[in-house]
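Have a look at work25.pdb; it's PDB, C-alpha atoms:
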ATOM      1  CA  MET A  80       4.173  11.132  -0.721
ATOM      2  CA  PHE A  81       3.222  12.945   2.490
ATOM      3  CA  ASP A  82       0.996  15.334   0.529
ATOM      4  CA  LEU A  83      -0.894  12.430  -1.032
ATOM      5  CA  PHE A  84      -1.411  10.834   2.403
ATOM      6  CA  ARG A  85      -2.677  14.161   3.733
ATOM      7  CA  ARG A  86      -5.120  14.537   0.845
ATOM      8  CA  LEU A  87      -6.401  10.980   1.258
ATOM      9  CA  ASP A  88      -6.906  11.522   4.993
ATOM     10  CA  ALA A  89      -9.086  14.539   4.195
ATOM     11  CA  CYS A  90     -11.407  12.332   2.105
ATOM     12  CA  PRO A  91     -14.271  10.359   3.660
ATOM     13  CA  GLY A  92     -13.027   6.898   4.565
ATOM     14  CA  GLY A  93      -9.465   7.809   3.617
ATOM     15  CA  ARG A  94     -10.073   6.665   0.037
ATOM     16  CA  LEU A  95      -9.938   8.490  -3.266
ATOM     17  CA  PRO A  96     -12.726  11.053  -3.688
ATOM     18  CA  HIS A  97     -15.688  10.186  -5.898
ATOM     19  CA  GLY A  98     -14.857  10.913  -9.518
ATOM     20  CA  ALA A  99     -11.104  10.615  -9.026
ATOM     21  CA  VAL A 100      -9.203   8.291 -11.304
ATOM     22  CA  ALA A 101      -8.582   5.055  -9.432
ATOM     23  CA  ILE A 102      -5.996   2.446 -10.274
ATOM     24  CA  ASN A 103      -7.601  -0.922 -10.971
ATOM     25  CA  ARG A 104      -4.531  -3.158 -11.187
ATOM     26  CA  ILE A 105      -1.088  -2.724  -9.647
ATOM     27  CA  SER A 106       1.828  -5.134  -9.998
ATOM     28  CA  VAL A 107       4.869  -4.648  -7.775
ATOM     29  CA  ASP A 108       8.068  -6.658  -7.808
ATOM     30  CA  GLU A 109      10.670  -6.425  -5.056
ATOM     31  CA  VAL A 110       8.009  -5.319  -2.566
ATOM     32  CA  GLN A 111      10.435  -6.148   0.239
ATOM     33  CA  ASP A 112      12.259  -2.897  -0.575
ATOM     34  CA  PHE A 113       9.145  -0.759   0.031
ATOM     35  CA  THR A 114       8.450   0.893   3.351
ATOM     36  CA  GLN A 115       5.111   0.178   4.989
ATOM     37  CA  ALA A 116       4.060   3.737   4.169
ATOM     38  CA  GLU A 117       4.733   3.197   0.456
ATOM     39  CA  THR A 118       2.833  -0.090   0.483
ATOM     40  CA  MET A 119      -0.088   1.509   2.330
ATOM     41  CA  LEU A 120      -0.194   4.253  -0.279
ATOM     42  CA  LEU A 121      -0.518   1.633  -3.023
ATOM     43  CA  LEU A 122      -3.380   0.008  -1.133
ATOM     44  CA  ARG A 123      -5.189   3.296  -0.636
ATOM     45  CA  VAL A 124      -5.005   4.470  -4.260
ATOM     46  CA  SER A 125      -6.109   1.137  -5.696
ATOM     47  CA  SER A 126      -9.799   0.732  -6.411
ATOM     48  CA  ASP A 127      -9.738  -2.948  -5.407
ATOM     49  CA  CYS A 128      -7.189  -4.571  -3.107
ATOM     50  CA  ASN A 129      -7.784  -7.828  -4.995
ATOM     51  CA  GLY A 130      -6.229  -6.139  -8.027
ATOM     52  CA  LEU A 131      -2.813  -5.951  -6.367
ATOM     53  CA  LEU A 132      -0.009  -8.333  -7.237
ATOM     54  CA  LEU A 133       2.863  -7.981  -4.776
ATOM     55  CA  GLY A 134       5.948 -10.121  -5.245
ATOM     56  CA  GLY A 135       9.095 -10.208  -3.214
ATOM     57  CA  ASP A 136      11.665 -12.237  -1.359
ATOM     58  CA  THR A 137      12.487 -11.507   2.265
ATOM     59  CA  ALA A 138      16.006 -12.894   1.767
ATOM     60  CA  GLN A 139      16.749 -10.201  -0.844
ATOM     61  CA  ASN A 140      16.079  -7.101   1.220
ATOM     62  CA  ILE A 141      18.701  -4.567   0.114
ATOM     63  CA  CYS A 142      17.408  -1.355   1.698
ATOM     64  CA  ARG A 143      18.722  -0.474   5.129
ATOM     65  CA  GLY A 144      16.150   0.218   7.796
ATOM     66  CA  ILE A 145      13.371  -1.769   6.149
ATOM     67  CA  GLY A 146      12.476  -4.920   8.010
ATOM     68  CA  PHE A 147      10.028  -6.591   5.625
ATOM     69  CA  ARG A 148       7.690  -9.403   6.606
ATOM     70  CA  PHE A 149       4.763 -10.717   4.580
ATOM     71  CA  ALA A 150       2.747 -10.789   7.812
ATOM     72  CA  ASP A 151       2.981  -6.982   7.814
ATOM     73  CA  LEU A 152       1.247  -6.931   4.415
ATOM     74  CA  LEU A 153      -1.667  -8.850   5.910
ATOM     75  CA  THR A 154      -1.932  -6.227   8.624
ATOM     76  CA  LEU A 155      -1.976  -3.433   6.033
ATOM     77  CA  PHE A 156      -4.716  -5.188   4.033
ATOM     78  CA  HIS A 157      -6.726  -5.621   7.220
ATOM     79  CA  ASP A 158      -6.326  -1.932   8.119
ATOM     80  CA  VAL A 159      -7.522  -0.853   4.669
ATOM     81  CA  GLN A 160     -10.565  -3.141   4.867
ATOM     82  CA  GLN A 161     -11.475  -1.730   8.283
ATOM     83  CA  ARG A 162     -11.509   1.789   6.818
ATOM     84  CA  GLN A 163     -14.079   0.811   4.185
TER      85      GLN A 163
END
Translate the structure described by the file into structure tokens.
Amino acid sequence: MFDLFRRLDACPGGRLPHGAVAINRISVDEVQDFTQAETMLLLRVSSDCNGLLLGGDTAQNICRGIGFRFADLLTLFHDVQQRQ
């Protein structure tokens, strides 16, 4: 995962390089078990943030060390839009 982040950071705007295969639609269930870094990676490899479907339940967080809040997702979406 770190290598993919490093490669994306080397690209203009932190997005996939022109000609790279982009992911148009992504559906994720149990998003509350993802770290913010994993969620950010999904946002950065998707061609359109509107093509993401993220579902989860904050009461079902089973991974230690991950404090999930849907408000954090809004912040990630905002950060990605600012990069564009």
Note to self: Nearest residue to Asn129 of chain A out of A:Leu87, A:Ile105, A:Ala99, A:Leu155, using only C-alpha atoms?
What the structure shows: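 Ranked by minimum distance to Asn129 of chain A, first place goes to A:Ile105.
What separates atom CA of Ser106 of chain A from atom CA of Phe156 of chain A is a distance of 15.5 Å.
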Enclose the full set of atoms of segment 113-118 of chain A listed in the file within a box whose edges lie along x, y and z, apply 6 Å of padding to each of the six sides, and report centre and edge lengths in Å to one decimal as lines of an AutoDock Vina configuration file.
center_x = 6.0
center_y = 1.5
center_z = 2.5
size_x = 18.3
size_y = 16.5
size_z = 17.0
Margin query: As an exercise, work out the distance from atom CA of Arg86 of chain A to atom CA of Leu133 of chain A in Å and give it to one decimal place.
Written below: 24.5 Å
Margin query: So, with all atoms listed in the file as the atoms that count, which of A:Ala138, A:Val100, A:Ala89, A:Cys128 lies closest to Asp112 of chain A?
Written below: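 Under the stated criterion, the closest residue is A:Ala138.
For the set A:Asp88, A:Asp82, A:Val107, A:Ala150, the residue with the smallest atom-to-atom gap to Leu121 of chain A is A:Val107, counting all atoms listed in the file.
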Notebook entry, point to check: What is the atom CA of Pro91 of chain A-atom CA of Phe113 of chain A distance in Å, reported with one decimal?
Noted result: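 Answer for the atom CA of Pro91 of chain A to atom CA of Phe113 of chain A separation: 26.2 Å.
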Margin query: Could you tell me, as a PyMOL selection string, exactly which residues end up selected when the PyMOL selection byres ((chain A and resi 102) around 6) is applied to this structure?
Written below: chain A and resi 101+103-104+125-126
Next item on the list: Give as a ChimeraX atom specification each residue that has an atom at most 12 Å from (4.1, -3.8, 0.6) in the file, counting only C-alpha atoms.
Entry: /A:105-123,128,131-137,145-156
